[in-house]
Amino acid sequence: MAQTHSEPGTSRRSFLRNVGLTGGAGAMFATMGALGLAPTAQAAQREQSFRPLSAGDFTLTGRAAAKVVIVGGGIAGLTTAYELGKAGYDCTVLEARDRTGGRNFTVRGGDTTTDLHGTRQTARFADGHYMNAGPARIPQWMVTLDYCRELGVPLEVFTNVNADAYLYNESAGMTRPERYRTAKADVYGYVSELLAKATNKGALDGELTADDKERLVDFLEDWGELGDKLTYTGGERRGYTTVPAAAGTPGVLLGDVPTASEVLASGVGRYFSFEFGFDQAMLMFQPVGGMDQIPKALTRAVGARRVRTGAVVSRITDTGHGVSVTYTQGGRTKVVEADYCVAALPPNILAKVPHNLGSGVQSALEAITPSSAAKIGLEYKSRWWELDHGIYGGITETDQDVTHIWHPSYGYQGERGVLIGYYNYGDDADSYAELTPQGREKRAVAAGVKIYGEKYRTELASSFSHHWRQTPHLEAAWHNTPGGPDDVRYKPLNEPTGRVWFAGDWLSHTDAWQHGAFTSARKAVTALHARVLSS
Ligand code: PHE
């Protein structure tokens with residue numbers, strides 16, 4: 001991807017993330033699972049450490065459930081209240097915005113936002129249409145799907161990669177988009193040809209036995225669809241100008257197979273590793289009807305009476321025997337007194353809230369910096385991408401400042417639809433944020449017209465744009481945590497000394513994913529509960 005460097009945490013993300021079963025613990029879980037004593041190996045692979053609390057935890061010890069104030073009603077805060085609620089804790093959630101969910105925000109017709117510059121927008125999307133302004137895709141291994149199951153949130157497939165979506169690299173001289181499938185056929189074809197030839201010329205003799213070489217060449221012939229003399233000459237994988245149909249219509253293959261040199265120069269190969277990522281590999285999922293079905297279900301499960309919206313926290317004080325949180329709501333200053341507190345605000349916002357939790361907490365919060373990302377929803381009167389281009393879901397990748405264009409993974413063959421006209425990060429997101437909503441729409445549409453043609457402009461019905469750095473009470477899409485969340489400088493947040501715990505995706509190894517918020521909340525809940533049971 002063009003903007004790979006500004007995606008969250010890519011520097012410390014690796015294929016070796018520690019979620020796989022390793023050694024003895026894995027074998028032990030599998031055995032216990034077979035005996036019905038433990039979650040199955042598959043379940044354990046997702047998150048090994050969490051044991052949900054239960055009502056019996058207190059009746060068995062004779063202790064009383066404590067009172068907990070939770071600052072922030074995003075996924076981490078709601079999950080904290082939900083999980084503590086299982087043991088009967090008395091939780092109060094303070095949420096500054098007028099709805100829960102934090103960055104989990106689904107925009108529908110009638111929804112209004114005002115950004116930090118005072119720009120007001122109201123979405124005009126038709127009934128049943130929406131855009132997920134924040135999280136929008138869920139891999140199968142994340143606990144997010146377990147919460148969907150537990151909370152009864154129905155799922156459908158989110159198409160993250162589509163052979164018929166486009167790639168467009170204007171900077172490499174492309175004047176028309178190319179289908180993913182065509183680009184893959186050419187890149188895999190030539191790479192296979194070159195490697196097969198090098199192998200047969202003896203270039204790998206120091207690395208491979210004769211048998212290895214034969215097997216490698218066999219593989220490459222198949223992988224790259226190589227023909228005679230191990231050369232790539234194109235084939236049906238690239239696609240057709242006329243597709244095969246009834247007898248008499250064998251189909252007409254796409255012509256003009258580019259040379260290896262042209263394929264390398266086009267740079268299309270750089271997009272393919274995206275789908276190998278542990279986080280981004282298909283299948284992926286989305287809640288039916290919008291991502292905010294998750295915070296809505298969590299809020300219902302917690303109980304609306306425990307959640308105060310429009311409550312802006314202005315001070316957190318650890319009194320030694322409790323925690324007192326001051327907030328304003330509807331112009332009035334109020335205080336919640338509790339035994340414990342879980343602070344589940346973004347670190348950049350939390351750093352601005354006066355507290356007495358120590359300078360270690362403050363400098364840890366300040367070390368974590370906010371990142372930008374943005375999306376625009378473009379609502380169209382027709383689903384011309386399906387009708388004219390045969391694209392049903394999936395993502396078009398570009399080197400334009402719009403970066404990614406998403407086709408909706410719902411509402412296929414309906415009348416209208418909402419495309420994501422840009423999903424971009426960093427400087428690209430910031431440069432759109434400076435424009436008026438009309439200016440953003442104009443610029444996004446101009447980029448799209450280059451790829452899809454005039455209907456990208458003429459079929460447009462309405463648009464809605466959202467920029468996380470400019471969103472009150474959040475001011476970030478995700479965060480950069482130098483050194484990673486386990487760096488010693490974040491110890492005051494990971495192992496707090498007083499009565500306040502911290503939670504959020506930004507304190508996880510999966511920042512910018514709800515999984516990070518869920519698992520971080522579970523960690524805080526576990527620590528808080530252990531403290532209560534031992535005190
Ligand atoms: N979870 C977000 C997304 O899938 C942000 C992200 C992008 C996280 C890329 C990791 C890698 O778009």
# chains A, B, ... in the order shown; residues from 1 in each chain; ligands from 1

call {"tool": "closest_atom_pairs", "arguments": {"of": "stretch 73-128 of chain A", "to": "stretch 279-296 of chain A", "cutoff": "12 Å", "atoms": "only C-alpha atoms", "output": "JSON lines"}}
result
{"residue": "A:Gly73", "atom": "CA", "partner": "A:Pro295", "partner_atom": "CA", "distance": 8.8}
{"residue": "A:Gly74", "atom": "CA", "partner": "A:Pro295", "partner_atom": "CA", "distance": 7.5}
{"residue": "A:Ile75", "atom": "CA", "partner": "A:Pro295", "partner_atom": "CA", "distance": 6.5}
{"residue": "A:Ala76", "atom": "CA", "partner": "A:Pro295", "partner_atom": "CA", "distance": 10.0}
{"residue": "A:Gly77", "atom": "CA", "partner": "A:Pro295", "partner_atom": "CA", "distance": 10.2}
{"residue": "A:Leu78", "atom": "CA", "partner": "A:Pro295", "partner_atom": "CA", "distance": 7.4}
{"residue": "A:Thr79", "atom": "CA", "partner": "A:Pro295", "partner_atom": "CA", "distance": 9.0}
{"residue": "A:Ala81", "atom": "CA", "partner": "A:Pro295", "partner_atom": "CA", "distance": 12.0}
{"residue": "A:Tyr82", "atom": "CA", "partner": "A:Pro295", "partner_atom": "CA", "distance": 10.9}
{"residue": "A:Arg99", "atom": "CA", "partner": "A:Lys296", "partner_atom": "CA", "distance": 9.2}
{"residue": "A:Thr100", "atom": "CA", "partner": "A:Pro295", "partner_atom": "CA", "distance": 6.5}
{"residue": "A:Gly101", "atom": "CA", "partner": "A:Pro295", "partner_atom": "CA", "distance": 5.0}
{"residue": "A:Gly102", "atom": "CA", "partner": "A:Pro295", "partner_atom": "CA", "distance": 8.7}
{"residue": "A:Arg103", "atom": "CA", "partner": "A:Asp292", "partner_atom": "CA", "distance": 9.5}
{"residue": "A:Asn104", "atom": "CA", "partner": "A:Asp292", "partner_atom": "CA", "distance": 5.9}
{"residue": "A:Phe105", "atom": "CA", "partner": "A:Asp292", "partner_atom": "CA", "distance": 5.9}
{"residue": "A:Thr106", "atom": "CA", "partner": "A:Asp292", "partner_atom": "CA", "distance": 5.6}
{"residue": "A:Val107", "atom": "CA", "partner": "A:Gly290", "partner_atom": "CA", "distance": 8.5}
{"residue": "A:Arg108", "atom": "CA", "partner": "A:Gly290", "partner_atom": "CA", "distance": 9.2}
{"residue": "A:Asp127", "atom": "CA", "partner": "A:Gly289", "partner_atom": "CA", "distance": 11.0}
{"residue": "A:Gly128", "atom": "CA", "partner": "A:Gly289", "partner_atom": "CA", "distance": 7.6}

call {"tool": "write_last_selection", "arguments": {"atoms": "N, CA, C and O atoms", "output": "mmCIF file, in the first residue's frame"}}
result
data_model
loop_
_atom_site.group_PDB
_atom_site.id
_atom_site.type_symbol
_atom_site.label_atom_id
_atom_site.label_comp_id
_atom_site.auth_asym_id
_atom_site.auth_seq_id
_atom_site.Cartn_x
_atom_site.Cartn_y
_atom_site.Cartn_z
ATOM 1 N N GLY A 73 -17.061 5.604 27.335
ATOM 2 C CA GLY A 73 -18.043 4.593 26.930
ATOM 3 C C GLY A 73 -17.786 4.054 25.537
ATOM 4 O O GLY A 73 -18.722 3.767 24.792
ATOM 5 N N GLY A 74 -16.511 3.916 25.190
ATOM 6 C CA GLY A 74 -16.174 3.216 23.949
ATOM 7 C C GLY A 74 -16.161 1.717 24.203
ATOM 8 O O GLY A 74 -16.674 1.244 25.232
ATOM 9 N N ILE A 75 -15.570 0.979 23.298
ATOM 10 C CA ILE A 75 -15.592 -0.482 23.429
ATOM 11 C C ILE A 75 -14.903 -0.919 24.724
ATOM 12 O O ILE A 75 -15.413 -1.782 25.441
ATOM 13 N N ALA A 76 -13.758 -0.298 25.069
ATOM 14 C CA ALA A 76 -13.043 -0.714 26.287
ATOM 15 C C ALA A 76 -13.868 -0.416 27.534
ATOM 16 O O ALA A 76 -13.996 -1.259 28.426
ATOM 17 N N GLY A 77 -14.447 0.776 27.606
ATOM 18 C CA GLY A 77 -15.227 1.151 28.782
ATOM 19 C C GLY A 77 -16.487 0.303 28.928
ATOM 20 O O GLY A 77 -16.804 -0.189 30.019
ATOM 21 N N LEU A 78 -17.202 0.110 27.835
ATOM 22 C CA LEU A 78 -18.431 -0.692 27.884
ATOM 23 C C LEU A 78 -18.119 -2.139 28.254
ATOM 24 O O LEU A 78 -18.850 -2.768 29.034
ATOM 25 N N THR A 79 -17.023 -2.654 27.700
ATOM 26 C CA THR A 79 -16.654 -4.044 27.999
ATOM 27 C C THR A 79 -16.291 -4.197 29.471
ATOM 28 O O THR A 79 -16.640 -5.201 30.111
ATOM 29 N N ALA A 81 -17.514 -2.474 31.968
ATOM 30 C CA ALA A 81 -18.774 -2.488 32.726
ATOM 31 C C ALA A 81 -19.511 -3.811 32.527
ATOM 32 O O ALA A 81 -20.068 -4.387 33.470
ATOM 33 N N TYR A 82 -19.483 -4.295 31.292
ATOM 34 C CA TYR A 82 -20.189 -5.543 30.976
ATOM 35 C C TYR A 82 -19.579 -6.724 31.732
ATOM 36 O O TYR A 82 -20.293 -7.521 32.355
ATOM 37 N N ARG A 99 -23.539 9.505 22.478
ATOM 38 C CA ARG A 99 -23.810 8.088 22.203
ATOM 39 C C ARG A 99 -22.581 7.297 22.642
ATOM 40 O O ARG A 99 -21.479 7.838 22.710
ATOM 41 N N THR A 100 -22.784 6.028 22.916
ATOM 42 C CA THR A 100 -21.646 5.180 23.287
ATOM 43 C C THR A 100 -20.980 4.618 22.024
ATOM 44 O O THR A 100 -21.483 4.792 20.925
ATOM 45 N N GLY A 101 -19.853 3.975 22.218
ATOM 46 C CA GLY A 101 -19.176 3.316 21.089
ATOM 47 C C GLY A 101 -17.818 3.903 20.757
ATOM 48 O O GLY A 101 -16.986 3.239 20.153
ATOM 49 N N GLY A 102 -17.593 5.177 21.145
ATOM 50 C CA GLY A 102 -16.301 5.795 20.834
ATOM 51 C C GLY A 102 -16.063 5.841 19.338
ATOM 52 O O GLY A 102 -16.889 6.352 18.583
ATOM 53 N N ARG A 103 -14.942 5.252 18.933
ATOM 54 C CA ARG A 103 -14.599 5.280 17.503
ATOM 55 C C ARG A 103 -15.426 4.288 16.699
ATOM 56 O O ARG A 103 -15.384 4.293 15.466
ATOM 57 N N ASN A 104 -16.131 3.424 17.363
ATOM 58 C CA ASN A 104 -17.072 2.552 16.648
ATOM 59 C C ASN A 104 -18.305 3.385 16.340
ATOM 60 O O ASN A 104 -19.173 3.589 17.202
ATOM 61 N N PHE A 105 -18.363 3.923 15.141
ATOM 62 C CA PHE A 105 -19.374 4.921 14.781
ATOM 63 C C PHE A 105 -19.927 4.579 13.402
ATOM 64 O O PHE A 105 -19.198 4.581 12.411
ATOM 65 N N THR A 106 -21.207 4.286 13.362
ATOM 66 C CA THR A 106 -21.879 4.015 12.090
ATOM 67 C C THR A 106 -22.754 5.216 11.752
ATOM 68 O O THR A 106 -23.546 5.666 12.588
ATOM 69 N N VAL A 107 -22.589 5.745 10.553
ATOM 70 C CA VAL A 107 -23.317 6.949 10.132
ATOM 71 C C VAL A 107 -24.495 6.541 9.256
ATOM 72 O O VAL A 107 -24.324 5.834 8.253
ATOM 73 N N ARG A 108 -25.686 7.011 9.648
ATOM 74 C CA ARG A 108 -26.898 6.755 8.860
ATOM 75 C C ARG A 108 -27.576 8.080 8.550
ATOM 76 O O ARG A 108 -27.211 9.118 9.125
ATOM 77 N N ASP A 127 -32.643 5.225 3.746
ATOM 78 C CA ASP A 127 -32.907 4.185 4.748
ATOM 79 C C ASP A 127 -32.185 2.887 4.402
ATOM 80 O O ASP A 127 -32.216 2.448 3.252
ATOM 81 N N GLY A 128 -31.587 2.285 5.404
ATOM 82 C CA GLY A 128 -30.929 0.994 5.189
ATOM 83 C C GLY A 128 -29.492 1.128 4.714
ATOM 84 O O GLY A 128 -28.781 0.137 4.606
#

call {"tool": "residues_around", "arguments": {"residues": "A:Leu220", "least_positions_apart": "2", "cutoff": "9 Å", "atoms": "only C-alpha atoms", "output": "list in words"}}
result
Tyr188, Gly189, Val191, Ser192, Glu193, Leu195, Ala196, Arg215, Leu216, Val217, Asp218, Asp222, Trp223, Gly224, Glu225, Leu226 and Leu230 of chain A

call {"tool": "select_by_dssp", "arguments": {"residues": "stretch 102-143 of chain A", "states": "strand (DSSP E or B)", "output": "PDB file with C-alpha atoms, in the first residue's frame"}}
result
ATOM      1  CA  THR A 106     -21.879   4.015  12.090  1.00  0.00           C
ATOM      2  CA  VAL A 107     -23.317   6.949  10.132  1.00  0.00           C
ATOM      3  CA  ARG A 108     -26.898   6.755   8.860  1.00  0.00           C
ATOM      4  CA  THR A 112     -25.210  14.869  12.601  1.00  0.00           C
ATOM      5  CA  THR A 113     -21.631  15.601  13.601  1.00  0.00           C
ATOM      6  CA  THR A 114     -19.799  18.798  14.495  1.00  0.00           C
ATOM      7  CA  ARG A 120     -21.504  20.580  10.966  1.00  0.00           C
ATOM      8  CA  GLN A 121     -22.654  17.778   8.705  1.00  0.00           C
ATOM      9  CA  THR A 122     -25.851  15.805   8.501  1.00  0.00           C
ATOM     10  CA  TYR A 130     -24.787   3.451   6.216  1.00  0.00           C
ATOM     11  CA  MET A 131     -21.041   3.897   6.462  1.00  0.00           C
ATOM     12  CA  ASN A 132     -18.846   2.537   9.231  1.00  0.00           C
ATOM     13  CA  ILE A 138     -13.241  -8.161  11.763  1.00  0.00           C
ATOM     14  CA  PRO A 139     -10.846 -11.087  11.280  1.00  0.00           C
TER      15      PRO A 139
END

call {"tool": "residues_around", "arguments": {"residues": "A:Ala527", "least_positions_apart": "4", "cutoff": "10 Å", "atoms": "only C-alpha atoms", "output": "list in words"}}
result
Asn494, Glu495, Pro496, Trp501, Ala521, Arg522, Lys523, Arg531 and Val532 of chain A

call {"tool": "closest_residue", "arguments": {"among": "A:Ile451, A:Ile405, A:Val252, A:Ile349", "to": "ligand 1", "atoms": "only C-alpha atoms and all ligand atoms"}}
result
A:Ile405

call {"tool": "residues_around", "arguments": {"residues": "A:Val307", "least_positions_apart": "3", "cutoff": "6 Å", "atoms": "only C-alpha atoms", "output": "tab-separated table (two decimals) with all heavy atoms, in the first residue's frame"}}
result
chain	number	residue	atom	x	y	z
A	92	THR	N	-20.71	2.61	36.91
A	92	THR	CA	-21.23	3.81	36.25
A	92	THR	C	-20.26	4.17	35.14
A	92	THR	O	-19.06	4.28	35.37
A	92	THR	CB	-21.32	4.99	37.25
A	92	THR	OG1	-22.16	4.59	38.33
A	92	THR	CG2	-21.88	6.23	36.58
A	93	VAL	N	-20.81	4.34	33.93
A	93	VAL	CA	-19.98	4.70	32.78
A	93	VAL	C	-20.23	6.16	32.44
A	93	VAL	O	-21.39	6.57	32.27
A	93	VAL	CB	-20.32	3.82	31.55
A	93	VAL	CG1	-19.45	4.22	30.35
A	93	VAL	CG2	-20.16	2.34	31.86
A	304	ALA	N	-28.81	0.78	30.29
A	304	ALA	CA	-28.71	2.20	29.92
A	304	ALA	C	-28.63	3.08	31.17
A	304	ALA	O	-27.97	4.12	31.16
A	304	ALA	CB	-29.89	2.60	29.04

call {"tool": "residues_around", "arguments": {"residues": "A:Ala55", "least_positions_apart": "5", "cutoff": "9 Å", "atoms": "only C-alpha atoms", "output": "list of chain:residue names"}}
result
A:Gly85, A:Lys86, A:Ala87, A:Gly88

call {"tool": "select_by_dssp", "arguments": {"residues": "stretch 279-311 of chain A", "states": "helix (DSSP H, G or I)", "output": "NGL selection string"}}
result
:A and (293-302 or 304-306)

call {"tool": "atom_distance", "arguments": {"atom1": "atom CA of A:Asn169", "atom2": "atom CA of A:Pro370"}}
result
28.9 Å

call {"tool": "residues_around", "arguments": {"residues": "stretch 506-520 of chain A", "least_positions_apart": "2", "cutoff": "9 Å", "atoms": "only C-alpha atoms", "output": "count of residues only"}}
result
44

call {"tool": "atom_distance", "arguments": {"atom1": "atom CA of A:Phe276", "atom2": "atom CA of A:Gly235"}}
result
24.3 Å

call {"tool": "closest_residue", "arguments": {"among": "A:Ala260, A:Ile395, A:Leu435, A:Leu378", "to": "ligand 1", "atoms": "only C-alpha atoms and all ligand atoms"}}
result
A:Ile395

call {"tool": "closest_residue", "arguments": {"among": "A:Ala66, A:Ala447, A:Leu194, A:Val323", "to": "A:Asp399", "atoms": "only C-alpha atoms"}}
result
A:Ala447
